[in-house]
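Source file input_16.txt; content: compact mmCIF, C-alpha atoms (C1' of nucleotides).
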# COMPACT_ATOMS: atom_id res chain seq x y z
CA MET D 1 -126.76 29.66 30.92
CA THR D 2 -126.84 26.45 28.99
CA ASP D 3 -124.11 24.26 27.69
CA THR D 4 -123.55 20.69 26.62
CA TYR D 5 -123.70 18.03 29.25
CA GLY D 6 -123.74 14.52 28.04
CA PHE D 7 -124.44 16.19 24.69
CA HIS D 8 -127.83 17.42 25.91
CA SER D 9 -128.51 21.09 26.30
CA HIS D 10 -129.51 22.00 29.82
CA ASP D 11 -129.38 24.78 32.33
CA HIS D 12 -126.45 24.11 34.54
CA SER D 13 -125.69 27.19 36.58
CA ALA D 14 -127.39 25.30 39.38
CA CYS D 15 -125.72 22.05 38.42
CA ILE D 16 -122.29 23.56 39.10
CA ALA D 17 -123.28 24.82 42.52
CA ASP D 18 -124.98 21.53 43.35
CA CYS D 19 -122.01 19.46 42.37
CA VAL D 20 -119.54 21.64 44.27
CA ALA D 21 -121.76 21.50 47.34
CA HIS D 22 -122.01 17.76 47.00
CA VAL D 23 -118.26 17.33 46.81
CA ASP D 24 -117.87 19.73 49.71
CA GLN D 25 -120.12 17.48 51.77
CA LEU D 26 -118.26 14.35 50.73
CA CYS D 27 -114.96 15.93 51.73
CA ARG D 28 -116.28 16.91 55.14
CA ALA D 29 -117.63 13.41 55.65
CA GLN D 30 -114.29 11.86 54.73
CA GLY D 31 -112.06 14.37 56.49
CA LEU D 32 -110.62 15.67 53.24
CA GLN D 33 -109.56 19.27 52.77
CA PHE D 34 -111.57 20.90 50.02
CA THR D 35 -109.26 23.90 49.70
CA PRO D 36 -109.84 27.02 47.55
CA VAL D 37 -107.58 25.84 44.74
CA ARG D 38 -109.18 22.40 44.66
CA ARG D 39 -112.65 23.88 44.73
CA ARG D 40 -111.86 26.36 41.98
CA VAL D 41 -110.32 23.69 39.72
CA LEU D 42 -113.44 21.58 40.09
CA GLU D 43 -115.60 24.61 39.27
CA ILE D 44 -113.54 25.39 36.19
CA LEU D 45 -114.07 21.86 34.92
CA LEU D 46 -117.77 21.94 35.73
CA GLU D 47 -118.19 25.26 33.94
CA ALA D 48 -116.88 23.79 30.72
CA HIS D 49 -118.49 20.34 30.77
CA ARG D 50 -115.76 19.33 28.44
CA ALA D 51 -112.20 18.11 28.80
CA ARG D 52 -109.67 20.81 29.64
CA GLY D 53 -105.90 20.52 29.79
CA ALA D 54 -103.96 21.23 32.97
CA TYR D 55 -102.31 24.30 31.48
CA GLU D 56 -105.62 25.68 30.30
CA ILE D 57 -106.86 25.44 33.88
CA LEU D 58 -103.61 26.92 35.15
CA ASP D 59 -104.08 29.98 32.94
CA ILE D 60 -107.41 30.65 34.61
CA LEU D 61 -105.99 30.15 38.10
CA ARG D 62 -103.13 32.48 37.26
CA ASN D 63 -105.50 35.25 36.18
CA GLU D 64 -107.34 34.87 39.46
CA GLY D 65 -104.21 34.90 41.58
CA LEU D 66 -104.74 31.36 42.80
CA GLY D 67 -101.41 29.98 41.68
CA SER D 68 -99.20 30.31 38.68
CA GLN D 69 -96.97 27.25 38.55
CA PRO D 70 -97.76 23.80 37.11
CA PRO D 71 -97.50 21.90 40.40
CA VAL D 72 -100.40 23.93 41.78
CA VAL D 73 -102.86 22.66 39.21
CA TYR D 74 -101.40 19.17 39.02
CA ARG D 75 -101.67 18.74 42.77
CA ALA D 76 -105.27 19.88 42.78
CA LEU D 77 -106.09 17.58 39.85
CA ASP D 78 -104.30 14.72 41.55
CA PHE D 79 -106.44 15.20 44.63
CA LEU D 80 -109.66 15.45 42.65
CA VAL D 81 -108.86 12.45 40.46
CA SER D 82 -107.70 10.23 43.28
CA HIS D 83 -110.92 10.83 45.21
CA GLY D 84 -113.13 10.31 42.19
CA PHE D 85 -114.33 13.88 41.70
CA VAL D 86 -112.60 14.30 38.35
CA HIS D 87 -111.60 11.91 35.59
CA LYS D 88 -108.54 12.06 33.41
CA ILE D 89 -109.17 11.61 29.70
CA GLU D 90 -106.03 9.77 28.62
CA GLY D 91 -106.65 10.23 24.93
CA LEU D 92 -106.54 14.00 25.31
CA ASN D 93 -104.23 14.40 28.27
CA ALA D 94 -107.05 16.41 29.75
CA PHE D 95 -109.50 16.36 32.62
CA VAL D 96 -113.25 16.41 33.07
CA ALA D 97 -115.48 16.71 36.12
CA CYS D 98 -117.07 13.47 37.23
CA ALA D 99 -120.79 13.13 36.63
CA ARG D 100 -121.25 10.95 39.71
CA PRO D 101 -118.84 12.16 42.35
CA GLY D 102 -118.66 9.91 45.35
CA GLU D 103 -120.39 6.94 43.81
CA ASP D 104 -117.60 4.44 43.45
CA HIS D 105 -117.92 3.50 39.83
CA ALA D 106 -116.17 2.53 36.66
CA ALA D 107 -116.86 4.95 33.86
CA ALA D 108 -116.64 4.98 30.10
CA PHE D 109 -116.47 8.15 28.04
CA LEU D 110 -117.79 9.40 24.73
CA ILE D 111 -115.46 12.15 23.59
CA CYS D 112 -116.16 14.56 20.77
CA ARG D 113 -113.01 15.09 18.78
CA ARG D 114 -114.21 18.45 17.55
CA CYS D 115 -115.38 20.27 20.68
CA HIS D 116 -113.99 17.96 23.39
CA ALA D 117 -117.39 17.59 24.98
CA VAL D 118 -117.41 14.48 27.14
CA ALA D 119 -120.30 12.24 28.12
CA GLU D 120 -119.74 9.86 30.99
CA THR D 121 -121.57 6.58 31.25
CA PRO D 122 -121.33 3.83 33.82
CA THR D 123 -119.77 0.60 32.71
CA ALA D 124 -119.54 -2.94 33.96
CA THR D 125 -116.42 -3.94 35.85
CA GLY D 126 -115.04 -7.33 35.11
CA GLY D 127 -118.34 -8.83 34.08
CA GLY D 128 -117.78 -8.35 30.39
CA ARG D 129 -115.66 -9.99 27.79
CA LEU D 130 -112.50 -8.23 28.85
CA GLY D 131 -112.97 -9.33 32.45
CA THR D 132 -113.35 -12.92 31.34
CA THR D 133 -110.25 -12.72 29.18
CA ALA D 134 -108.29 -11.20 32.05
CA ARG D 135 -109.31 -13.90 34.50
CA ALA D 136 -108.43 -16.59 32.00
CA ALA D 137 -104.98 -15.04 31.59
CA GLY D 138 -104.50 -14.70 35.33
CA PHE D 139 -104.45 -10.93 35.02
CA GLN D 140 -105.77 -8.86 37.91
CA ILE D 141 -107.56 -5.77 36.60
CA GLU D 142 -107.29 -2.80 38.93
CA ALA D 143 -108.54 0.01 36.73
CA ALA D 144 -109.76 0.48 33.19
CA VAL D 145 -109.74 3.29 30.68
CA ILE D 146 -112.59 3.18 28.19
CA GLU D 147 -112.73 6.11 25.82
CA ALA D 148 -114.69 6.24 22.59
CA THR D 149 -113.83 9.05 20.21
CA GLY D 150 -116.18 10.44 17.59
CA VAL D 151 -118.40 13.38 16.84
CA CYS D 152 -121.13 14.57 19.16
CA PRO D 153 -124.65 15.33 17.86
CA LYS D 154 -124.09 19.08 18.04
CA CYS D 155 -120.91 19.00 15.98
CA GLN D 156 -122.47 16.58 13.47
CA THR D 157 -125.09 19.22 12.67
CA ASP D 158 -122.67 22.12 12.73
CA GLY D 159 -121.32 21.19 9.31
CA SER D 160 -117.80 22.03 8.05
CA GLU D 161 -117.03 18.40 8.49
CA THR D 162 -113.46 17.47 9.26
CA PRO D 163 -112.31 13.96 8.47
CA PRO D 164 -111.73 11.57 11.37
CA SER D 165 -108.23 11.74 12.67
CA ARG D 166 -106.49 8.45 12.27
CA ALA D 167 -107.76 5.79 14.59
CA ARG D 168 -105.66 5.41 17.68
CA THR D 169 -106.09 1.81 18.50
CA MET U 1 -85.07 -16.57 23.67
CA THR U 2 -88.31 -16.34 25.52
CA ASP U 3 -90.26 -13.41 26.78
CA THR U 4 -93.77 -12.54 27.76
CA TYR U 5 -96.36 -12.40 25.06
CA GLY U 6 -99.86 -12.07 26.23
CA PHE U 7 -98.29 -13.00 29.58
CA HIS U 8 -97.40 -16.48 28.32
CA SER U 9 -93.83 -17.55 27.99
CA HIS U 10 -92.94 -18.59 24.46
CA ASP U 11 -90.09 -18.70 22.02
CA HIS U 12 -90.40 -15.66 19.85
CA SER U 13 -87.21 -15.20 17.91
CA ALA U 14 -89.20 -16.65 15.03
CA CYS U 15 -92.27 -14.66 15.95
CA ILE U 16 -90.41 -11.38 15.38
CA ALA U 17 -89.15 -12.46 11.97
CA ASP U 18 -92.58 -13.78 11.02
CA CYS U 19 -94.34 -10.62 12.00
CA VAL U 20 -91.87 -8.36 10.22
CA ALA U 21 -92.13 -10.50 7.09
CA HIS U 22 -95.89 -10.36 7.34
CA VAL U 23 -95.93 -6.58 7.59
CA ASP U 24 -93.42 -6.40 4.76
CA GLN U 25 -95.84 -8.36 2.58
CA LEU U 26 -98.78 -6.19 3.57
CA CYS U 27 -96.83 -3.06 2.69
CA ARG U 28 -95.88 -4.42 -0.71
CA ALA U 29 -99.48 -5.37 -1.35
CA GLN U 30 -100.70 -1.89 -0.42
CA GLY U 31 -97.92 0.08 -2.07
CA LEU U 32 -96.55 1.32 1.26
CA GLN U 33 -92.88 1.98 1.84
CA PHE U 34 -91.55 -0.24 4.59
CA THR U 35 -88.35 1.74 5.06
CA PRO U 36 -85.39 0.78 7.28
CA VAL U 37 -86.43 3.11 10.10
CA ARG U 38 -90.00 1.89 10.05
CA ARG U 39 -88.89 -1.72 9.95
CA ARG U 40 -86.43 -1.24 12.77
CA VAL U 41 -88.99 0.53 14.99
CA LEU U 42 -91.38 -2.36 14.51
CA GLU U 43 -88.64 -4.83 15.36
CA ILE U 44 -87.74 -2.91 18.49
CA LEU U 45 -91.33 -3.10 19.65
CA LEU U 46 -91.62 -6.77 18.78
CA GLU U 47 -88.42 -7.58 20.66
CA ALA U 48 -89.84 -6.18 23.84
CA HIS U 49 -93.42 -7.42 23.70
CA ARG U 50 -94.21 -4.61 26.04
CA ALA U 51 -95.03 -0.95 25.72
CA ARG U 52 -92.07 1.31 24.99
CA GLY U 53 -91.96 5.09 24.90
CA ALA U 54 -90.97 7.00 21.79
CA TYR U 55 -87.78 8.29 23.38
CA GLU U 56 -86.78 4.82 24.54
CA ILE U 57 -87.05 3.68 20.94
CA LEU U 58 -85.22 6.77 19.76
CA ASP U 59 -82.28 5.96 22.04
CA ILE U 60 -81.91 2.61 20.33
CA LEU U 61 -82.18 4.13 16.86
CA ARG U 62 -79.57 6.72 17.81
CA ASN U 63 -77.10 4.06 18.92
CA GLU U 64 -77.58 2.32 15.60
CA GLY U 65 -77.15 5.48 13.54
CA LEU U 66 -80.70 5.33 12.24
CA GLY U 67 -81.76 8.77 13.38
CA SER U 68 -81.28 10.90 16.42
CA GLN U 69 -84.11 13.43 16.51
CA PRO U 70 -87.63 12.95 17.84
CA PRO U 71 -89.40 13.46 14.51
CA VAL U 72 -87.65 10.39 13.13
CA VAL U 73 -89.24 8.04 15.60
CA TYR U 74 -92.57 9.86 15.71
CA ARG U 75 -92.92 9.69 11.95
CA ALA U 76 -92.16 6.01 11.94
CA LEU U 77 -94.62 5.38 14.78
CA ASP U 78 -97.23 7.49 13.04
CA PHE U 79 -96.89 5.34 9.94
CA LEU U 80 -97.03 2.09 11.86
CA VAL U 81 -99.99 3.16 14.00
CA SER U 82 -101.99 4.60 11.14
CA HIS U 83 -101.68 1.37 9.17
CA GLY U 84 -102.52 -0.83 12.13
CA PHE U 85 -99.11 -2.40 12.68
CA VAL U 86 -98.59 -0.79 16.07
CA HIS U 87 -100.94 0.42 18.81
CA LYS U 88 -100.53 3.40 21.04
CA ILE U 89 -101.14 2.78 24.73
CA GLU U 90 -102.66 6.07 25.84
CA GLY U 91 -102.37 5.35 29.53
CA LEU U 92 -98.59 5.08 29.24
CA ASN U 93 -97.88 7.37 26.31
CA ALA U 94 -96.15 4.38 24.83
CA PHE U 95 -96.38 1.99 21.91
CA VAL U 96 -96.71 -1.74 21.40
CA ALA U 97 -96.57 -3.95 18.31
CA CYS U 98 -99.93 -5.16 17.10
CA ALA U 99 -100.67 -8.83 17.61
CA ARG U 100 -102.80 -9.01 14.47
CA PRO U 101 -101.27 -6.70 11.90
CA GLY U 102 -103.39 -6.23 8.87
CA GLU U 103 -106.56 -7.66 10.30
CA ASP U 104 -108.76 -4.61 10.66
CA HIS U 105 -109.84 -4.90 14.24
CA ALA U 106 -110.72 -3.14 17.44
CA ALA U 107 -108.45 -4.11 20.28
CA ALA U 108 -108.49 -3.95 24.04
CA PHE U 109 -105.37 -4.15 26.17
CA LEU U 110 -104.35 -5.66 29.49
CA ILE U 111 -101.39 -3.65 30.73
CA CYS U 112 -99.14 -4.64 33.60
CA ARG U 113 -98.31 -1.59 35.65
CA ARG U 114 -95.13 -3.17 36.94
CA CYS U 115 -93.39 -4.48 33.82
CA HIS U 116 -95.48 -2.81 31.10
CA ALA U 117 -96.17 -6.12 29.43
CA VAL U 118 -99.20 -5.78 27.20
CA ALA U 119 -101.71 -8.40 26.12
CA GLU U 120 -103.95 -7.55 23.21
CA THR U 121 -107.38 -9.02 22.84
CA PRO U 122 -110.03 -8.44 20.22
CA THR U 123 -113.12 -6.57 21.29
CA ALA U 124 -116.58 -5.94 19.98
CA THR U 125 -117.22 -2.70 18.14
CA GLY U 126 -120.47 -0.97 18.81
CA GLY U 127 -122.33 -4.09 19.74
CA GLY U 128 -121.88 -3.67 23.46
CA ARG U 129 -123.33 -1.45 26.09
CA LEU U 130 -121.21 1.53 25.13
CA GLY U 131 -122.30 1.27 21.51
CA THR U 132 -125.92 1.24 22.56
CA THR U 133 -125.44 4.26 24.80
CA ALA U 134 -123.67 6.10 22.01
CA ARG U 135 -126.41 5.42 19.49
CA ALA U 136 -129.04 6.54 21.97
CA ALA U 137 -127.15 9.80 22.49
CA GLY U 138 -126.69 10.33 18.76
CA PHE U 139 -122.95 9.98 19.13
CA GLN U 140 -120.98 8.53 16.25
CA ILE U 141 -118.12 6.37 17.55
CA GLU U 142 -115.08 6.38 15.27
CA ALA U 143 -112.48 4.77 17.49
CA ALA U 144 -112.21 3.42 21.00
CA VAL U 145 -109.46 3.07 23.53
CA ILE U 146 -109.91 0.23 26.00
CA GLU U 147 -107.05 -0.26 28.41
CA ALA U 148 -107.20 -2.27 31.62
CA THR U 149 -104.37 -1.75 34.07
CA GLY U 150 -103.32 -4.27 36.68
CA VAL U 151 -100.64 -6.80 37.46
CA CYS U 152 -99.71 -9.62 35.13
CA PRO U 153 -99.34 -13.20 36.38
CA LYS U 154 -95.55 -13.05 36.28
CA CYS U 155 -95.35 -9.92 38.41
CA GLN U 156 -97.96 -11.26 40.83
CA THR U 157 -95.65 -14.16 41.62
CA ASP U 158 -92.50 -12.07 41.67
CA GLY U 159 -93.37 -10.68 45.09
CA SER U 160 -92.16 -7.31 46.42
CA GLU U 161 -95.68 -6.14 45.93
CA THR U 162 -96.19 -2.47 45.21
CA PRO U 163 -99.58 -0.97 45.95
CA PRO U 164 -101.80 -0.11 43.02
CA SER U 165 -101.23 3.39 41.81
CA ARG U 166 -104.32 5.47 42.22
CA ALA U 167 -107.04 4.54 39.82
CA ARG U 168 -107.14 6.68 36.75
CA THR U 169 -110.71 6.67 35.81
C1' DT E 1 -83.75 11.37 -17.31
C1' DG E 2 -86.72 14.67 -15.61
C1' DT E 3 -90.58 15.30 -12.55
C1' DT E 4 -93.03 14.75 -8.47
C1' DA E 5 -94.41 12.99 -4.10
C1' DA E 6 -92.90 10.79 -0.11
C1' DA E 7 -89.57 10.20 3.33
C1' DC E 8 -85.70 11.86 5.99
C1' DG E 9 -82.28 15.09 8.68
C1' DT E 10 -82.04 18.67 11.70
C1' DG E 11 -82.70 22.59 14.86
C1' DA E 12 -85.98 24.78 17.41
C1' DT E 13 -90.08 25.00 19.92
C1' DT E 14 -94.37 23.73 22.26
C1' DA E 15 -96.97 20.86 25.43
C1' DT E 16 -97.38 17.92 29.41
C1' DA E 17 -95.78 16.53 33.87
C1' DT E 18 -92.71 15.93 37.92
C1' DA E 19 -88.65 16.69 41.26
C1' DA E 20 -86.96 19.03 44.95
C1' DC E 21 -87.11 22.00 48.60
C1' DA E 22 -88.70 25.92 51.27
C1' DT E 23 -92.78 27.94 53.53
C1' DA E 24 -97.33 28.13 55.36
C1' DT E 25 -101.47 26.32 57.47
C1' DC E 26 -104.07 23.56 60.52
C1' DA E 27 -105.34 20.15 63.99
C1' DA E 28 -103.97 17.42 68.01
C1' DC E 29 -101.88 17.32 72.05
C1' DC E 30 -99.24 18.86 76.13
C1' DG P 1 -101.04 29.27 74.59
C1' DG P 2 -97.06 26.76 72.54
C1' DT P 3 -95.18 22.61 70.35
C1' DT P 4 -95.39 19.19 67.11
C1' DG P 5 -96.58 16.59 63.08
C1' DA P 6 -99.15 16.17 58.98
C1' DT P 7 -100.96 18.26 55.03
C1' DA P 8 -101.08 21.83 51.65
C1' DT P 9 -98.92 25.54 49.03
C1' DG P 10 -95.20 28.51 46.62
C1' DT P 11 -91.42 28.44 43.59
C1' DT P 12 -87.46 27.14 40.74
C1' DA P 13 -85.88 23.98 37.84
C1' DT P 14 -86.11 20.08 35.06
C1' DA P 15 -87.87 15.90 32.90
C1' DT P 16 -90.69 13.80 29.42
C1' DA P 17 -93.67 13.82 25.26
C1' DA P 18 -94.76 15.68 20.85
C1' DT P 19 -94.77 18.92 16.99
C1' DC P 20 -93.22 22.71 13.68
C1' DA P 21 -90.60 24.38 10.02
C1' DC P 22 -87.59 23.93 6.41
C1' DG P 23 -84.21 22.12 3.52
C1' DT P 24 -82.37 17.72 1.41
C1' DT P 25 -82.61 13.11 -0.18
C1' DT P 26 -84.77 9.22 -2.01
C1' DA P 27 -88.11 6.48 -4.60
C1' DA P 28 -91.65 5.93 -8.07
C1' DC P 29 -92.79 6.62 -12.47
C1' DA P 30 -93.88 9.02 -16.85

Can I see the file as structure tokens?
Amino acid sequence: MTDTYGFHSHDHSACIADCVAHVDQLCRAQGLQFTPVRRRVLEILLEAHRARGAYEILDILRNEGLGSQPPVVYRALDFLVSHGFVHKIEGLNAFVACARPGEDHAAAFLICRRCHAVAETPTATGGGRLGTTARAAGFQIEAAVIEATGVCPKCQTDGSETPPSRART
Amino acid sequence: MTDTYGFHSHDHSACIADCVAHVDQLCRAQGLQFTPVRRRVLEILLEAHRARGAYEILDILRNEGLGSQPPVVYRALDFLVSHGFVHKIEGLNAFVACARPGEDHAAAFLICRRCHAVAETPTATGGGRLGTTARAAGFQIEAAVIEATGVCPKCQTDGSETPPSRART
DNA sequence: TGTTAAACGTGATTATATAACATATCAACC
DNA sequence: GGTTGATATGTTATATAATCACGTTTAACA
């Protein structure tokens, strides 16, 4: 099975298993409980390799008997996000599996507005222009959201072009 | 009256009037209707110099008899955002008046998580590392959201420190 | 002044997220 | 083994954010 990952086609049936196993290991090492719901939510996000909303994930959990109420999925997402296994895409109110779980990192995202595919790329923290501005203003940066919206290569070729939605910023 | 603007104290009773007049001019020049609701929403955002939610704005409009239903404020915000007079802060689902209305620009934001003060700063478009990554991936960036969260100088001094909320990204 | 497009008023609904509280599970310790 | 405390889950209800649909009003302009 292939799907988009960072906009490049690749076989990722193994990539899901690898990533889940990796997170499993990290949780053991840190004494965190990688429970069935948390594991399944991570899998669901890895399967898609795109941003999915909490209620979309909840629908899947519900069909599988793993929980049917919003707090179930929000708690699992909260766990996964707070430990760096999943990122929240603020511009979509949606979530995506982290490409580098465990590596403490700041990430930027390229988000396709047509298919919601998400590519994650590392980014500098504080070294850039924004960091300089912040220091000059006496502002202490704790976290940053960097999300670029556009059209991924696949959707550019797919035709039936839709106009850009109005810029957000 | 003084308030925070870019985290610096300054008199801004004039700054509100100036900005509204400036936007008024821009609308005339572009044949846009700067209606009472739209004008008032912009003023409300300028008065605060911080991010405010749509329903917070709506409460004020309601008290003034300018509209009581969500679509009223969302339509006004949609107009203001789409013409670059207001920015949406995705991380807060809230809105802030633009510091440079009319100048077509990409902006980054420093957002205080305690008082929701927002400083806007210009940012490079496409020239940086993210732009390079995007080009290499064949991704066409149309818009970018750059939001740094932290504590502003005022709140740092104000004591009663609250711990950082979990990182979002 | 008649025509048309844009903006507004309003009620309902959808989407996203959290509060509050009861129950269950698990590990540490006695 | 039983108790205890911490963490996770189940469930109901509700809060918050945003949009839809449709009819009316207003503004621009021929």

**Message:** Using all atoms listed in the file and a cut-off of 7 Å, which residues of chain U sit close to chain D? Please list them as a list in words.
**Reply:**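 On the chain U side, the interface is Ser82, His87, Lys88, Glu90, Gly91, Ala106, Ala107, Gly138, Phe139, Gln140, Ile141, Glu142, Ala143, Ala144, Val145, Ile146, Glu147, Ala148, Thr149, Gly150, Val151, Cys152, Pro153, Arg166, Ala167, Arg168 and Thr169 of chain U.
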
Give chain U as a compact mmCIF listing (two decimals) with C-alpha atoms, in the frame of the given file once it has been least-squares superposed onto chain D over every C-alpha atom, paired in order.
# COMPACT_ATOMS: atom_id res chain seq x y z
CA MET U 1 -126.73 29.59 30.83
CA THR U 2 -126.80 26.38 28.91
CA ASP U 3 -124.07 24.16 27.66
CA THR U 4 -123.56 20.60 26.61
CA TYR U 5 -123.74 17.95 29.25
CA GLY U 6 -123.76 14.46 28.00
CA PHE U 7 -124.45 16.20 24.67
CA HIS U 8 -127.84 17.42 25.89
CA SER U 9 -128.54 21.08 26.29
CA HIS U 10 -129.55 21.99 29.82
CA ASP U 11 -129.41 24.78 32.33
CA HIS U 12 -126.46 24.11 34.54
CA SER U 13 -125.71 27.19 36.56
CA ALA U 14 -127.42 25.30 39.37
CA CYS U 15 -125.74 22.05 38.41
CA ILE U 16 -122.30 23.54 39.08
CA ALA U 17 -123.31 24.83 42.50
CA ASP U 18 -125.00 21.54 43.35
CA CYS U 19 -122.02 19.48 42.38
CA VAL U 20 -119.55 21.66 44.26
CA ALA U 21 -121.77 21.56 47.34
CA HIS U 22 -122.02 17.81 47.01
CA VAL U 23 -118.26 17.38 46.82
CA ASP U 24 -117.88 19.79 49.71
CA GLN U 25 -120.13 17.54 51.80
CA LEU U 26 -118.26 14.41 50.78
CA CYS U 27 -114.96 16.00 51.76
CA ARG U 28 -116.28 17.01 55.16
CA ALA U 29 -117.61 13.52 55.69
CA GLN U 30 -114.26 11.96 54.80
CA GLY U 31 -112.05 14.48 56.55
CA LEU U 32 -110.60 15.78 53.27
CA GLN U 33 -109.55 19.38 52.79
CA PHE U 34 -111.56 20.99 50.04
CA THR U 35 -109.24 23.98 49.68
CA PRO U 36 -109.84 27.07 47.52
CA VAL U 37 -107.58 25.85 44.71
CA ARG U 38 -109.17 22.43 44.66
CA ARG U 39 -112.64 23.91 44.72
CA ARG U 40 -111.85 26.37 41.97
CA VAL U 41 -110.32 23.69 39.72
CA LEU U 42 -113.45 21.61 40.09
CA GLU U 43 -115.60 24.61 39.26
CA ILE U 44 -113.53 25.37 36.19
CA LEU U 45 -114.08 21.85 34.94
CA LEU U 46 -117.77 21.93 35.74
CA GLU U 47 -118.20 25.24 33.92
CA ALA U 48 -116.90 23.75 30.73
CA HIS U 49 -118.51 20.32 30.76
CA ARG U 50 -115.75 19.29 28.46
CA ALA U 51 -112.21 18.08 28.82
CA ARG U 52 -109.66 20.76 29.66
CA GLY U 53 -105.90 20.47 29.82
CA ALA U 54 -103.95 21.19 32.99
CA TYR U 55 -102.30 24.26 31.50
CA GLU U 56 -105.63 25.64 30.30
CA ILE U 57 -106.86 25.41 33.87
CA LEU U 58 -103.62 26.88 35.15
CA ASP U 59 -104.07 29.94 32.93
CA ILE U 60 -107.39 30.62 34.59
CA LEU U 61 -105.98 30.12 38.08
CA ARG U 62 -103.11 32.46 37.24
CA ASN U 63 -105.47 35.22 36.14
CA GLU U 64 -107.32 34.85 39.42
CA GLY U 65 -104.18 34.90 41.54
CA LEU U 66 -104.73 31.36 42.75
CA GLY U 67 -101.39 29.97 41.65
CA SER U 68 -99.16 30.29 38.66
CA GLN U 69 -96.95 27.21 38.54
CA PRO U 70 -97.77 23.79 37.12
CA PRO U 71 -97.51 21.90 40.42
CA VAL U 72 -100.41 23.94 41.78
CA VAL U 73 -102.86 22.66 39.24
CA TYR U 74 -101.40 19.16 39.08
CA ARG U 75 -101.68 18.74 42.82
CA ALA U 76 -105.26 19.89 42.79
CA LEU U 77 -106.09 17.57 39.88
CA ASP U 78 -104.30 14.72 41.59
CA PHE U 79 -106.47 15.21 44.66
CA LEU U 80 -109.67 15.46 42.68
CA VAL U 81 -108.88 12.45 40.49
CA SER U 82 -107.72 10.25 43.32
CA HIS U 83 -110.93 10.85 45.24
CA GLY U 84 -113.15 10.32 42.23
CA PHE U 85 -114.34 13.89 41.73
CA VAL U 86 -112.62 14.31 38.38
CA HIS U 87 -111.61 11.90 35.61
CA LYS U 88 -108.56 12.05 33.44
CA ILE U 89 -109.16 11.59 29.73
CA GLU U 90 -106.03 9.75 28.64
CA GLY U 91 -106.64 10.20 24.95
CA LEU U 92 -106.52 13.98 25.32
CA ASN U 93 -104.22 14.38 28.31
CA ALA U 94 -107.04 16.38 29.78
CA PHE U 95 -109.50 16.34 32.65
CA VAL U 96 -113.26 16.39 33.08
CA ALA U 97 -115.50 16.70 36.14
CA CYS U 98 -117.08 13.46 37.24
CA ALA U 99 -120.80 13.12 36.65
CA ARG U 100 -121.27 10.96 39.74
CA PRO U 101 -118.86 12.18 42.38
CA GLY U 102 -118.68 9.95 45.37
CA GLU U 103 -120.40 6.98 43.84
CA ASP U 104 -117.59 4.48 43.48
CA HIS U 105 -117.92 3.52 39.87
CA ALA U 106 -116.20 2.53 36.68
CA ALA U 107 -116.87 4.95 33.88
CA ALA U 108 -116.64 4.98 30.12
CA PHE U 109 -116.47 8.15 28.06
CA LEU U 110 -117.80 9.39 24.74
CA ILE U 111 -115.46 12.15 23.61
CA CYS U 112 -116.15 14.56 20.78
CA ARG U 113 -112.99 15.10 18.80
CA ARG U 114 -114.20 18.46 17.56
CA CYS U 115 -115.38 20.26 20.70
CA HIS U 116 -114.00 17.95 23.40
CA ALA U 117 -117.39 17.57 24.99
CA VAL U 118 -117.42 14.48 27.16
CA ALA U 119 -120.31 12.23 28.13
CA GLU U 120 -119.76 9.85 31.00
CA THR U 121 -121.59 6.59 31.26
CA PRO U 122 -121.34 3.84 33.82
CA THR U 123 -119.79 0.59 32.71
CA ALA U 124 -119.55 -2.95 33.95
CA THR U 125 -116.44 -3.97 35.83
CA GLY U 126 -115.05 -7.37 35.11
CA GLY U 127 -118.32 -8.86 34.08
CA GLY U 128 -117.78 -8.38 30.38
CA ARG U 129 -115.68 -10.00 27.76
CA LEU U 130 -112.51 -8.22 28.82
CA GLY U 131 -112.96 -9.36 32.41
CA THR U 132 -113.35 -12.93 31.27
CA THR U 133 -110.25 -12.73 29.10
CA ALA U 134 -108.29 -11.22 31.96
CA ARG U 135 -109.30 -13.93 34.40
CA ALA U 136 -108.42 -16.61 31.88
CA ALA U 137 -104.97 -15.06 31.46
CA GLY U 138 -104.47 -14.74 35.21
CA PHE U 139 -104.41 -10.98 34.93
CA GLN U 140 -105.71 -8.93 37.83
CA ILE U 141 -107.53 -5.83 36.56
CA GLU U 142 -107.24 -2.86 38.91
CA ALA U 143 -108.52 -0.06 36.73
CA ALA U 144 -109.77 0.43 33.20
CA VAL U 145 -109.77 3.26 30.73
CA ILE U 146 -112.60 3.17 28.20
CA GLU U 147 -112.73 6.11 25.85
CA ALA U 148 -114.68 6.25 22.61
CA THR U 149 -113.82 9.06 20.23
CA GLY U 150 -116.16 10.43 17.61
CA VAL U 151 -118.38 13.38 16.85
CA CYS U 152 -121.13 14.55 19.15
CA PRO U 153 -124.63 15.32 17.85
CA LYS U 154 -124.08 19.07 18.04
CA CYS U 155 -120.90 18.99 15.97
CA GLN U 156 -122.46 16.59 13.46
CA THR U 157 -125.09 19.21 12.68
CA ASP U 158 -122.68 22.12 12.74
CA GLY U 159 -121.32 21.19 9.33
CA SER U 160 -117.81 22.06 8.09
CA GLU U 161 -117.03 18.43 8.51
CA THR U 162 -113.45 17.52 9.28
CA PRO U 163 -112.30 14.00 8.49
CA PRO U 164 -111.74 11.64 11.38
CA SER U 165 -108.22 11.81 12.66
CA ARG U 166 -106.47 8.53 12.22
CA ALA U 167 -107.73 5.87 14.53
CA ARG U 168 -105.67 5.48 17.64
CA THR U 169 -106.08 1.91 18.49

**Request:** Check every residue of chain E for an atom within 10 Å of chain D, counting all atoms listed in the file, and provide those that qualify as a PyMOL selection string.
**Result:** chain E and resi 15-18

**Prompt:** Of the residues D:Leu80, D:Leu32, D:Val96, D:Ala51, which is the one nearest to chain P, using only C-alpha atoms (C1' of nucleotides)?
**Reply:**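 Between D:Leu80, D:Leu32, D:Val96, D:Ala51, the residue approaching chain P most closely is D:Leu32.
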